[in-house]
Amino acid sequence: MIGRTTPYQPTAGTNLNHAELISTKMAVSMIKRSKKPLLILGEKDECSKMLEELKNYKNLEIIHTPKEGNLIKCIKYAISNNNDLVIFAGITYYYLAQCITHLKHFSNITTLTIDRYYHPNAHYSFPNMEVIEHEEALKRLIMLLND
């Protein structure tokens, strides 16, 4: 396993402001404090099915990138919809790295990635995790949000 804060794709983390590592509890408190959170799910991750359970969480809006068009349209939607927190999961690493960079540097939106790989271009990111560890973290996230 690569280090906890080593970018999965080395060239993705060339900026100076790398993402802060975040725990499941901190991610839950960020989502609960957010006024207008948006969850953008890709089809790449098997855990996207698990995150579908969050569709009933109070004001969390969920967008699927294959169903709703491409990732750029989702980001334009997040900016025009005045979302304050955008959460990403299950999107191809190098596409997501470019889109997160755009949101981080050219908008006031806070970005959070809950993939199993560390994304240095986001504001906050889960660390690199093994598959089982990531599934447990997502189960904990769902459980804490539904409490």
# chains A, B, ... in the order shown; residues from 1 in each chain; ligands from 1
$ select_by_dssp --residues "range 13-60 of chain A" --states "strand (DSSP E)" --output "list in words"
Glu20, Leu21, Pro37, Leu38, Leu39, Ile40 and Leu41 of chain A
$ write_last_selection --atoms "N, CA and C atoms" --output "PDB file, in the first residue's frame"
ATOM      1  N   GLU A  20      -6.291  18.432   3.235  1.00  0.00           N
ATOM      2  CA  GLU A  20      -6.151  17.990   4.614  1.00  0.00           C
ATOM      3  C   GLU A  20      -6.797  16.621   4.735  1.00  0.00           C
ATOM      4  N   LEU A  21      -6.132  15.724   5.459  1.00  0.00           N
ATOM      5  CA  LEU A  21      -6.730  14.425   5.714  1.00  0.00           C
ATOM      6  C   LEU A  21      -7.911  14.600   6.652  1.00  0.00           C
ATOM      7  N   PRO A  37     -25.334  20.781   0.750  1.00  0.00           N
ATOM      8  CA  PRO A  37     -24.321  19.833   0.270  1.00  0.00           C
ATOM      9  C   PRO A  37     -24.779  19.129  -1.012  1.00  0.00           C
ATOM     10  N   LEU A  38     -23.807  18.738  -1.812  1.00  0.00           N
ATOM     11  CA  LEU A  38     -24.060  18.033  -3.064  1.00  0.00           C
ATOM     12  C   LEU A  38     -23.116  16.847  -3.136  1.00  0.00           C
ATOM     13  N   LEU A  39     -23.657  15.663  -3.400  1.00  0.00           N
ATOM     14  CA  LEU A  39     -22.859  14.453  -3.549  1.00  0.00           C
ATOM     15  C   LEU A  39     -22.848  14.065  -5.017  1.00  0.00           C
ATOM     16  N   ILE A  40     -21.672  14.037  -5.622  1.00  0.00           N
ATOM     17  CA  ILE A  40     -21.535  13.654  -7.027  1.00  0.00           C
ATOM     18  C   ILE A  40     -20.920  12.262  -7.065  1.00  0.00           C
ATOM     19  N   LEU A  41     -21.703  11.308  -7.582  1.00  0.00           N
ATOM     20  CA  LEU A  41     -21.283   9.916  -7.631  1.00  0.00           C
ATOM     21  C   LEU A  41     -20.944   9.508  -9.057  1.00  0.00           C
TER      22      LEU A  41
END
$ residues_around --residues "Asp115 in chain A" --least-positions-apart "4" --cutoff "8 Å" --atoms "only C-alpha atoms" --output "list of chain:residue names"
A:Phe88, A:Ala89, A:Gly90, A:Ser125, A:Phe126, A:His134
$ write_last_selection --atoms "N, CA and C atoms" --output "PDB file, in the first residue's frame"
ATOM      1  N   PHE A  88     -17.350  14.126  -3.497  1.00  0.00           N
ATOM      2  CA  PHE A  88     -17.122  13.295  -4.679  1.00  0.00           C
ATOM      3  C   PHE A  88     -16.815  11.869  -4.263  1.00  0.00           C
ATOM      4  N   ALA A  89     -17.328  10.908  -5.057  1.00  0.00           N
ATOM      5  CA  ALA A  89     -17.008   9.490  -4.842  1.00  0.00           C
ATOM      6  C   ALA A  89     -17.195   8.731  -6.150  1.00  0.00           C
ATOM      7  N   GLY A  90     -16.275   7.812  -6.416  1.00  0.00           N
ATOM      8  CA  GLY A  90     -16.431   6.896  -7.535  1.00  0.00           C
ATOM      9  C   GLY A  90     -16.162   7.463  -8.909  1.00  0.00           C
ATOM     10  N   SER A 125      -9.810  15.334   2.120  1.00  0.00           N
ATOM     11  CA  SER A 125      -9.816  14.034   1.462  1.00  0.00           C
ATOM     12  C   SER A 125      -9.606  12.923   2.480  1.00  0.00           C
ATOM     13  N   PHE A 126     -10.241  11.775   2.215  1.00  0.00           N
ATOM     14  CA  PHE A 126      -9.898  10.579   2.968  1.00  0.00           C
ATOM     15  C   PHE A 126      -8.471  10.202   2.601  1.00  0.00           C
ATOM     16  N   HIS A 134     -11.915   1.079   3.480  1.00  0.00           N
ATOM     17  CA  HIS A 134     -12.748   2.109   2.864  1.00  0.00           C
ATOM     18  C   HIS A 134     -14.223   1.776   3.017  1.00  0.00           C
TER      19      HIS A 134
END
$ atom_distance --atom1 "CA of Asn59 in chain A" --atom2 "CA of Ile31 in chain A"
9.6 Å
$ closest_residue --among "A:Ile91, A:Ile142, A:Ala122, A:Ile72" --to "Ile109 in chain A" --atoms "only C-alpha atoms"
A:Ala122
$ residues_around --residues "Asn56 in chain A" --least-positions-apart "6" --cutoff "12 Å" --atoms "only C-alpha atoms" --output "NGL selection string"
:A and (62 or 142 or 145-146)
$ closest_residue --among "A:Leu85, A:Ala97, A:Ala78, A:Met26" --to "Tyr117 in chain A" --atoms "only C-alpha atoms"
A:Ala97
$ residues_around --residues "Ile79 in chain A" --least-positions-apart "6" --cutoff "9 Å" --atoms "only C-alpha atoms" --output "list in words"
Leu103, Ser107, Asn108 and Ile109 of chain A
$ residues_around --residues "Glu133 in chain A" --least-positions-apart "4" --cutoff "12 Å" --atoms "only C-alpha atoms" --output "PyMOL selection string"
chain A and resi 24+47+115-117+126-129+137-140
$ select_by_dssp --residues "range 17-117 of chain A" --states "helix (DSSP H, G or I)" --output "ChimeraX atom specification"
/A:24-33,47-56,65-68,71-80,93-106
$ atom_distance --atom1 "CA of Ile87 in chain A" --atom2 "CA of Cys99 in chain A"
12.1 Å
